[in-house]
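Trainee: You'll find query-v6.cif just under this line, and it carries mmCIF, C-alpha atoms and all ligand atoms.
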data_model
#
loop_
_atom_site.label_atom_id
_atom_site.label_comp_id
_atom_site.auth_asym_id
_atom_site.auth_seq_id
_atom_site.Cartn_x
_atom_site.Cartn_y
_atom_site.Cartn_z
CA MET A 1 0.00 0.00 0.00
CA THR A 2 1.30 3.47 -0.87
CA ASP A 3 1.54 5.80 2.09
CA TYR A 4 0.16 9.07 0.68
CA PRO A 5 0.64 12.14 2.88
CA ARG A 6 -2.70 13.22 4.35
CA ILE A 7 -4.10 16.51 3.08
CA PRO A 8 -4.58 18.79 6.12
CA LEU A 9 -8.15 19.89 6.72
CA ALA A 10 -9.46 22.71 8.92
CA ALA A 11 -12.90 24.22 9.50
CA VAL A 12 -14.93 26.90 11.17
CA LEU A 13 -17.69 25.57 13.41
CA GLY A 14 -20.70 27.76 14.12
CA HIS A 15 -24.49 27.83 14.15
CA PRO A 16 -25.37 29.46 11.77
CA ILE A 17 -22.18 29.68 9.72
CA ALA A 18 -23.14 30.76 6.18
CA HIS A 19 -22.15 34.40 6.91
CA SER A 20 -18.59 33.55 7.98
CA ARG A 21 -15.75 35.10 6.00
CA SER A 22 -13.20 32.65 7.41
CA PRO A 23 -13.49 30.11 4.55
CA ALA A 24 -12.77 32.86 1.99
CA LEU A 25 -9.80 34.07 4.04
CA HIS A 26 -8.17 30.69 4.65
CA GLY A 27 -9.00 29.59 1.09
CA TYR A 28 -7.19 32.64 -0.22
CA TRP A 29 -4.09 31.94 1.90
CA LEU A 30 -4.05 28.25 0.93
CA LYS A 31 -4.05 29.24 -2.73
CA ARG A 32 -1.55 32.05 -2.28
CA TYR A 33 1.00 29.79 -0.56
CA GLY A 34 0.32 26.78 -2.80
CA ILE A 35 -0.69 24.59 0.16
CA LYS A 36 -2.63 21.43 -0.52
CA GLY A 37 -5.23 21.78 2.21
CA HIS A 38 -8.88 22.69 2.70
CA TYR A 39 -10.84 24.91 5.09
CA ILE A 40 -14.61 24.49 5.22
CA PRO A 41 -17.60 25.91 7.13
CA ILE A 42 -19.51 23.42 9.30
CA ASP A 43 -22.93 24.29 10.74
CA ILE A 44 -23.22 22.36 13.99
CA ALA A 45 -25.76 22.70 16.79
CA PRO A 46 -24.38 23.00 20.35
CA VAL A 47 -25.71 19.61 21.39
CA ASP A 48 -23.71 17.88 18.63
CA LEU A 49 -20.46 19.79 19.13
CA PRO A 50 -18.65 17.40 21.56
CA ARG A 51 -19.27 14.38 19.33
CA LEU A 52 -18.15 16.21 16.18
CA LEU A 53 -14.92 17.35 17.83
CA ARG A 54 -13.93 13.75 18.53
CA ILE A 55 -14.66 12.67 14.94
CA LEU A 56 -12.93 15.52 13.07
CA PRO A 57 -9.32 14.49 13.91
CA GLU A 58 -10.05 10.96 12.68
CA LEU A 59 -11.12 12.44 9.34
CA GLY A 60 -7.84 14.31 8.90
CA PHE A 61 -8.73 17.66 10.46
CA VAL A 62 -5.75 19.32 12.13
CA GLY A 63 -7.78 21.97 13.90
CA CYS A 64 -10.60 24.45 13.56
CA ASN A 65 -12.01 27.81 14.48
CA VAL A 66 -15.11 28.04 16.62
CA THR A 67 -17.52 30.94 16.49
CA ILE A 68 -20.95 31.91 17.84
CA PRO A 69 -22.51 30.12 19.76
CA HIS A 70 -19.61 27.76 20.64
CA LYS A 71 -16.84 30.08 21.82
CA GLU A 72 -17.63 29.76 25.53
CA ALA A 73 -18.89 26.16 25.61
CA ILE A 74 -15.71 24.92 23.96
CA LEU A 75 -13.77 25.55 27.17
CA GLN A 76 -15.66 22.67 28.83
CA ILE A 77 -14.94 20.32 25.92
CA ALA A 78 -11.26 21.05 25.21
CA ASP A 79 -8.57 19.06 27.05
CA VAL A 80 -6.07 21.92 27.27
CA VAL A 81 -7.11 25.58 27.57
CA THR A 82 -4.54 28.38 27.41
CA ASP A 83 -4.41 30.84 30.30
CA ARG A 84 -5.59 33.70 28.13
CA ALA A 85 -8.58 31.73 26.80
CA ALA A 86 -9.49 30.78 30.36
CA LEU A 87 -9.25 34.40 31.52
CA ILE A 88 -11.29 35.68 28.57
CA GLY A 89 -13.76 32.84 29.06
CA ALA A 90 -13.85 31.90 25.38
CA ALA A 91 -11.73 30.27 22.68
CA ASN A 92 -11.74 30.66 18.92
CA THR A 93 -8.84 28.49 17.72
CA LEU A 94 -8.47 24.75 18.30
CA ILE A 95 -5.53 22.49 17.55
CA PHE A 96 -6.09 18.75 17.34
CA ARG A 97 -2.86 17.40 18.82
CA LYS A 98 -1.22 14.17 17.74
CA ASP A 99 -1.78 12.73 21.24
CA GLY A 100 -5.55 13.10 20.69
CA LYS A 101 -5.95 16.13 22.96
CA ILE A 102 -7.87 19.23 21.89
CA HIS A 103 -5.96 22.44 22.60
CA ALA A 104 -8.03 25.66 22.79
CA ASP A 105 -6.70 29.20 22.51
CA ASN A 106 -8.12 32.68 22.03
CA THR A 107 -6.45 34.82 19.35
CA ASP A 108 -9.02 37.65 19.28
CA GLY A 109 -6.93 39.85 21.60
CA SER A 110 -3.67 39.43 19.70
CA GLY A 111 -5.58 39.99 16.43
CA PHE A 112 -7.09 43.16 17.85
CA ILE A 113 -3.67 44.55 18.84
CA ALA A 114 -1.98 43.47 15.58
CA ASN A 115 -4.65 45.35 13.62
CA LEU A 116 -4.02 48.56 15.57
CA ARG A 117 -0.23 48.24 15.39
CA GLN A 118 -0.38 47.70 11.63
CA ASN A 119 -2.83 50.48 10.82
CA ALA A 120 -1.95 53.06 13.50
CA PRO A 121 1.79 52.64 14.07
CA ASP A 122 1.99 55.83 16.16
CA TRP A 123 -0.56 54.59 18.71
CA LYS A 124 0.85 54.70 22.25
CA PRO A 125 -1.59 52.69 24.38
CA ALA A 126 0.33 53.21 27.61
CA SER A 127 0.15 56.99 27.34
CA GLY A 128 -3.43 57.38 28.62
CA PRO A 129 -6.85 55.93 29.38
CA ALA A 130 -8.87 53.73 27.05
CA VAL A 131 -12.66 53.75 26.70
CA VAL A 132 -14.28 50.42 25.90
CA LEU A 133 -17.92 50.53 24.81
CA GLY A 134 -19.61 47.19 25.43
CA ALA A 135 -18.94 44.23 27.71
CA GLY A 136 -19.83 41.17 25.63
CA GLY A 137 -17.56 38.32 24.60
CA ALA A 138 -15.40 40.42 22.29
CA ALA A 139 -14.92 43.10 24.97
CA ARG A 140 -13.29 40.55 27.28
CA ALA A 141 -10.63 39.78 24.66
CA VAL A 142 -10.13 43.51 24.01
CA VAL A 143 -9.76 44.31 27.72
CA ALA A 144 -7.24 41.49 28.22
CA ALA A 145 -5.20 42.74 25.27
CA LEU A 146 -5.29 46.40 26.36
CA ILE A 147 -4.01 45.44 29.80
CA GLU A 148 -1.24 43.39 28.20
CA VAL A 149 0.00 46.38 26.16
CA GLY A 150 0.11 48.60 29.24
CA VAL A 151 -3.04 50.74 29.12
CA PRO A 152 -3.10 52.46 32.54
CA GLU A 153 -6.89 52.76 32.92
CA ILE A 154 -9.83 51.21 31.11
CA ARG A 155 -13.16 53.03 31.29
CA LEU A 156 -15.70 50.35 30.62
CA THR A 157 -19.35 51.02 29.94
CA ASN A 158 -22.16 48.74 28.87
CA ARG A 159 -25.94 48.94 28.53
CA THR A 160 -26.21 46.02 30.97
CA ARG A 161 -23.99 47.08 33.83
CA ALA A 162 -23.68 43.61 35.37
CA ARG A 163 -21.61 42.38 32.42
CA ALA A 164 -19.17 45.26 32.86
CA ASP A 165 -18.99 44.59 36.61
CA ALA A 166 -18.13 40.97 35.86
CA ILE A 167 -15.19 42.11 33.69
CA ARG A 168 -14.05 44.41 36.50
CA HIS A 169 -14.21 41.43 38.86
CA ASP A 170 -12.19 39.19 36.50
CA PHE A 171 -9.61 41.71 35.24
CA GLY A 172 -8.98 43.91 38.28
CA ALA A 173 -8.42 47.45 39.36
CA LYS A 174 -7.44 48.98 36.02
CA ILE A 175 -11.08 48.59 34.99
CA HIS A 176 -13.39 51.45 35.96
CA VAL A 177 -17.06 50.76 35.26
CA HIS A 178 -19.31 53.66 34.27
CA GLU A 179 -23.03 53.90 33.56
CA TRP A 180 -23.93 53.56 29.86
CA THR A 181 -25.52 57.03 29.91
CA GLN A 182 -22.11 58.45 30.91
CA ALA A 183 -20.32 57.11 27.82
CA PRO A 184 -20.05 60.53 26.09
CA ASN A 185 -18.33 62.00 29.17
CA LEU A 186 -15.50 59.46 29.25
CA MET A 187 -13.81 60.50 26.03
CA ASP A 188 -12.13 63.90 26.34
CA ASP A 189 -8.71 62.65 27.47
CA ALA A 190 -8.97 59.08 26.13
CA VAL A 191 -6.05 57.90 24.00
CA THR A 192 -7.95 54.85 22.77
CA VAL A 193 -11.70 54.39 22.14
CA ILE A 194 -13.00 50.98 21.10
CA ASN A 195 -16.55 50.04 20.12
CA THR A 196 -17.09 46.40 21.02
CA THR A 197 -20.89 46.61 20.88
CA SER A 198 -22.80 45.41 17.86
CA LEU A 199 -24.28 48.91 17.42
CA GLY A 200 -23.82 50.12 13.85
CA MET A 201 -23.54 46.64 12.39
CA THR A 202 -25.65 45.99 9.30
CA GLY A 203 -29.02 44.71 10.52
CA LYS A 204 -28.50 45.93 14.13
CA GLN A 205 -29.41 49.15 15.89
CA ASP A 206 -27.62 52.34 14.80
CA PHE A 207 -24.61 53.54 16.76
CA HIS A 208 -26.04 56.29 18.98
CA VAL A 209 -23.32 57.29 21.48
CA PRO A 210 -22.64 61.05 21.15
CA LEU A 211 -18.97 61.78 20.42
CA TYR A 212 -18.92 65.56 20.99
CA ARG A 213 -16.26 65.19 23.70
CA MET A 214 -13.98 62.96 21.63
CA ASN A 215 -10.26 63.65 22.06
CA PRO A 216 -9.07 64.59 18.53
CA LYS A 217 -5.80 62.77 19.31
CA ALA A 218 -7.56 59.50 20.10
CA LEU A 219 -7.26 56.28 18.19
CA CYS A 220 -10.74 54.87 17.50
CA ASN A 221 -11.44 51.32 16.44
CA ASP A 222 -14.71 49.60 15.73
CA LEU A 223 -14.90 45.82 16.00
CA VAL A 224 -17.87 45.93 13.66
CA TYR A 225 -16.68 45.52 10.06
CA THR A 226 -20.00 45.31 8.17
CA PRO A 227 -20.10 48.07 7.03
CA LEU A 228 -16.37 48.66 6.89
CA LYS A 229 -16.69 52.38 7.65
CA THR A 230 -19.20 52.53 10.48
CA GLN A 231 -21.09 55.55 11.78
CA PHE A 232 -18.80 55.52 14.85
CA LEU A 233 -15.66 55.71 12.67
CA ILE A 234 -17.16 58.38 10.37
CA GLU A 235 -18.06 60.62 13.32
CA ALA A 236 -14.76 60.00 15.14
CA GLU A 237 -12.81 60.89 11.99
CA ASP A 238 -14.89 64.06 11.59
CA ARG A 239 -13.65 65.06 15.06
CA GLY A 240 -10.03 64.57 14.05
CA ALA A 241 -9.43 61.13 15.56
CA THR A 242 -7.37 58.42 13.88
CA VAL A 243 -9.63 55.53 12.89
CA VAL A 244 -9.04 51.85 12.20
CA ASP A 245 -11.76 49.50 10.96
CA GLY A 246 -12.49 46.03 12.36
CA LEU A 247 -11.67 43.89 9.36
CA GLY A 248 -7.97 43.74 10.22
CA MET A 249 -8.78 42.12 13.57
CA LEU A 250 -10.64 39.33 11.77
CA LEU A 251 -7.67 38.79 9.47
CA HIS A 252 -5.02 38.90 12.19
CA GLN A 253 -6.87 36.63 14.62
CA ALA A 254 -6.92 33.98 11.88
CA ALA A 255 -3.17 33.99 11.20
CA PRO A 256 -1.92 31.92 14.21
CA GLY A 257 -4.40 29.11 13.49
CA PHE A 258 -3.43 29.00 9.82
CA GLU A 259 0.24 28.81 10.80
CA ARG A 260 -0.32 25.97 13.28
CA TRP A 261 -2.51 23.93 10.92
CA PHE A 262 -0.78 24.48 7.60
CA GLY A 263 2.81 25.34 8.61
CA GLN A 264 3.03 28.78 7.05
CA ARG A 265 2.68 32.16 8.76
CA PRO A 266 0.34 34.04 6.40
CA GLU A 267 0.77 37.70 5.64
CA VAL A 268 -2.05 40.11 6.41
CA ASP A 269 -1.84 42.77 3.72
CA GLU A 270 -3.97 44.73 1.27
CA ALA A 271 -4.27 41.73 -1.07
CA THR A 272 -5.65 39.67 1.85
CA ARG A 273 -8.19 42.39 2.67
CA GLN A 274 -9.31 42.62 -0.93
CA ALA A 275 -9.62 38.84 -1.22
CA VAL A 276 -11.98 38.75 1.76
CA LEU A 277 -13.93 41.86 0.75
CA SER A 278 -14.54 40.58 -2.77
CA ALA A 279 -15.55 37.06 -1.71
P1 LIG A 301 -22.06 39.92 22.38
O1 LIG A 301 -21.34 39.09 23.39
O2 LIG A 301 -23.43 39.55 21.95
O3 LIG A 301 -22.07 41.44 22.93
C1 LIG A 301 -22.82 42.45 22.28
C2 LIG A 301 -22.50 43.78 22.91
O4 LIG A 301 -23.26 44.80 22.22
C3 LIG A 301 -22.91 43.87 24.38
O5 LIG A 301 -22.03 44.74 25.05
C4 LIG A 301 -24.31 44.47 24.28
O6 LIG A 301 -24.75 45.10 25.45
C5 LIG A 301 -24.09 45.48 23.19
N1 LIG A 301 -25.35 45.90 22.58
C6 LIG A 301 -26.13 45.19 21.74
N2 LIG A 301 -27.23 45.91 21.42
C7 LIG A 301 -27.14 47.09 22.07
C8 LIG A 301 -27.97 48.25 22.15
N3 LIG A 301 -29.12 48.33 21.47
N4 LIG A 301 -27.55 49.29 22.92
C9 LIG A 301 -26.38 49.22 23.61
N5 LIG A 301 -25.57 48.13 23.58
C10 LIG A 301 -25.94 47.08 22.82
O7 LIG A 301 -21.22 40.02 21.01
P2 LIG A 301 -19.62 40.01 20.82
O8 LIG A 301 -19.18 38.64 20.47
O9 LIG A 301 -19.00 40.70 21.99
O10 LIG A 301 -19.46 40.89 19.50
C11 LIG A 301 -19.72 42.29 19.53
C12 LIG A 301 -19.43 42.88 18.15
O11 LIG A 301 -18.05 42.71 17.82
C13 LIG A 301 -20.22 42.19 17.03
O12 LIG A 301 -20.64 43.18 16.13
C14 LIG A 301 -19.20 41.28 16.38
O13 LIG A 301 -19.46 41.06 15.01
C15 LIG A 301 -17.92 42.10 16.55
N6 LIG A 301 -16.70 41.28 16.56
C16 LIG A 301 -15.74 41.56 15.62
C17 LIG A 301 -14.57 40.85 15.62
C18 LIG A 301 -13.53 41.19 14.60
O14 LIG A 301 -12.68 40.33 14.31
N7 LIG A 301 -13.53 42.39 14.06
C19 LIG A 301 -14.33 39.83 16.57
C20 LIG A 301 -15.34 39.57 17.52
C21 LIG A 301 -16.52 40.31 17.50
P3 LIG A 301 -25.62 44.26 26.54
O15 LIG A 301 -24.63 43.48 27.35
O16 LIG A 301 -26.35 45.29 27.29
O17 LIG A 301 -26.55 43.35 25.73
#
Translate this structure into structure tokens?
Mentor:
Amino acid sequence: MTDYPRIPLAAVLGHPIAHSRSPALHGYWLKRYGIKGHYIPIDIAPVDLPRLLRILPELGFVGCNVTIPHKEAILQIADVVTDRAALIGAANTLIFRKDGKIHADNTDGSGFIANLRQNAPDWKPASGPAVVLGAGGAARAVVAALIEVGVPEIRLTNRTRARADAIRHDFGAKIHVHEWTQAPNLMDDAVTVINTTSLGMTGKQDFHVPLYRMNPKALCNDLVYTPLKTQFLIEAEDRGATVVDGLGMLLHQAAPGFERWFGQRPEVDEATRQAVLSA
């Protein structure tokens, strides 16, 4: 019998999954680097997730991404969870190890920072406070990353205060929780302002936080990337702020998984952006 090398397979698991841009992104990189591999979307209900994760490695899958609604539940299923995924309370990148163990990591925070470093090289996060709007799953990764790069104070505000209080509890004294109605008053000396809410996303409620006290020297980033130029970014730019859209975070958070599964660190550049935007 001839021993053919196995073609590496990877996937994104979600429910629903049709909207995901990850297959277009990984497909583009596979083609660009001439790698014989495949990356596919799999729609899987939460109840079936544990069983699927034990079958995938047997079929030749080397790992996968997980997205809504599996990012939190995966921590209970994985055998090894990185410290940062445990602290954030969610994982997005799985490696199926040769010893049969499932390794879970969270690359959202490093993707978030890589996007800002690439598109706003003059950003100095340690030089002043950050404002984080929203306290959902994505906010936890953003807060962890901001602390890691030395932000001295994080002003956190969310419509549902309890979720912001929980982040304060988990991440410590650098987090200062403010009422959602106070959001406009947190901005005048902020060096960094991040929208982690889904406000302004196509199909969701409009972004409605007034920005009249925005620091014109701030760096503003929206995690929402549909549309690419959100109302938040348009208004922040009108007030002189530097703005970075959310697509780069999606691209950068994908790079470590691709490297682990397919053995090549992919470049995140304009060609990558265009490949995903035109898919
Ligand atoms: P999530 O856990 O569902 O959190 C949603 C957040 O939006 C919560 O803070 C929620 O506040 C807030 N929100 C929703 N509707 C609101 C309203 N009408 N008024 C005020 N606040 C409202 O979702 P997530 O996973 O954190 O994702 C948040 C956004 O980030 C989504 O648009 C997602 O697509 C985007 N995202 C982008 C990337 C990227 O790579 N660029 C990565 C991850 C996420 P409550 O707690 O009060 O409900």
Trainee: So that each row is one residue of chain A with an atom at most 7 Å from ligand LIG 301 (chain A), can you give its shortest atom pair and the distance in Å to one decimal, using all atoms listed in the file, rows by chain and rising number, as a Markdown table?
Mentor:
| residue | atom | partner | partner_atom | distance |
| --- | --- | --- | --- | --- |
| A:Asp108 | CA | A:LIG301 | C19 | 6.3 |
| A:Gly134 | CA | A:LIG301 | O5 | 3.5 |
| A:Ala135 | CA | A:LIG301 | O5 | 4.1 |
| A:Gly136 | CA | A:LIG301 | O1 | 3.4 |
| A:Gly137 | CA | A:LIG301 | O9 | 3.8 |
| A:Ala138 | CA | A:LIG301 | O9 | 3.6 |
| A:Ala139 | CA | A:LIG301 | O9 | 5.6 |
| A:Asn158 | CA | A:LIG301 | O5 | 5.5 |
| A:Arg159 | CA | A:LIG301 | O16 | 3.9 |
| A:Thr160 | CA | A:LIG301 | O16 | 3.8 |
| A:Arg163 | CA | A:LIG301 | O15 | 6.0 |
| A:Thr196 | CA | A:LIG301 | O11 | 5.0 |
| A:Thr197 | CA | A:LIG301 | O4 | 3.3 |
| A:Ser198 | CA | A:LIG301 | O12 | 3.6 |
| A:Leu199 | CA | A:LIG301 | C7 | 5.8 |
| A:Met201 | CA | A:LIG301 | O12 | 5.9 |
| A:Gln205 | CA | A:LIG301 | N3 | 5.6 |
| A:Leu223 | CA | A:LIG301 | N7 | 4.2 |
| A:Val224 | CA | A:LIG301 | O12 | 4.6 |
| A:Tyr225 | CA | A:LIG301 | N7 | 6.0 |
| A:Gly246 | CA | A:LIG301 | N7 | 4.1 |
| A:Leu247 | CA | A:LIG301 | N7 | 5.3 |
| A:Gly248 | CA | A:LIG301 | N7 | 6.9 |
| A:Met249 | CA | A:LIG301 | O14 | 4.4 |
| A:Leu250 | CA | A:LIG301 | O14 | 3.4 |
| A:Gln253 | CA | A:LIG301 | O14 | 6.9 |
Trainee: Report, in Å to a single decimal, how far apart atom CA of Ile175 of chain A and atom CA of Gly150 of chain A are.
Mentor: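 Interatomic distance here is 12.6 Å.
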Trainee: When you look at segment 90-92 of chain A with a cut-off of 6 Å (counting all atoms listed in the file), what residues show up, excluding the ones that are within fewer than 4 positions of it in the same chain? I need them as an MDAnalysis selection string.
Mentor: chainID A and resid 65:66 71:72 85 104:106
Trainee: For a quick check of understanding, using all atoms listed in the file, which of A:Ala255, A:Leu25, A:Lys124, A:Pro152 has the smallest distance to Gln274 of chain A?
Mentor: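 Selected residue with least distance to Gln274 of chain A: A:Leu25.
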Trainee: So the first atom is atom CA of Pro256 of chain A and the second is atom CA of Leu156 of chain A; what is the distance between them in Å, to one decimal place?
Mentor: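 Separation between atom CA of Pro256 of chain A and atom CA of Leu156 of chain A: 28.3 Å.
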Trainee: From the options A:Trp180, A:Arg32, A:Pro41, A:Gly203, which residue's atoms come nearest to Ala271 of chain A, counting all atoms listed in the file?
Mentor: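 Between A:Trp180, A:Arg32, A:Pro41, A:Gly203, the residue approaching Ala271 of chain A most closely is A:Arg32.
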Trainee: Of the candidates A:Val131, A:Ala45, A:Ala173, A:Ala141, which shows the shortest atom-to-atom distance to Ile154 of chain A, using all atoms listed in the file?
Mentor: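 Ranked by minimum distance to Ile154 of chain A, first place goes to A:Val131.
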Trainee: Box time for segment 200-208 of chain A: axis-aligned, enclosing all its listed atoms, 6 Å extra on each side; report centre and edge lengths in Å to one decimal, as lines of an AutoDock Vina configuration file.
Mentor:
center_x = -26.5
center_y = 50.5
center_z = 14.1
size_x = 17.9
size_y = 23.6
size_z = 21.7
Trainee: Taking 5 positions as the minimum chain separation for residues in the same chain, which residues sit within 8 Å of Asn221 of chain A when counting all atoms listed in the file? Answer as a tab-separated table (two decimals) with C-alpha atoms, in the coordinates of the input.
Mentor:
chain	number	residue	atom	x	y	z
A	116	LEU	CA	-4.02	48.56	15.57
A	193	VAL	CA	-11.70	54.39	22.14
A	194	ILE	CA	-13.00	50.98	21.10
A	195	ASN	CA	-16.55	50.04	20.12
A	233	LEU	CA	-15.66	55.71	12.67
A	243	VAL	CA	-9.63	55.53	12.89
A	244	VAL	CA	-9.04	51.85	12.20
A	245	ASP	CA	-11.76	49.50	10.96
A	246	GLY	CA	-12.49	46.03	12.36
Trainee: Compile the contact shell of Gly257 of chain A as a list in words: residues with an atom at most 9 Å away, counting all atoms listed in the file, same-chain residues fewer than 4 positions apart removed.
Mentor: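 Listing them by chain and then by number gives Gly63, Cys64, Asn65, Thr93, Leu94, Ile95, Thr107, Gln253, Trp261 and Phe262 of chain A.
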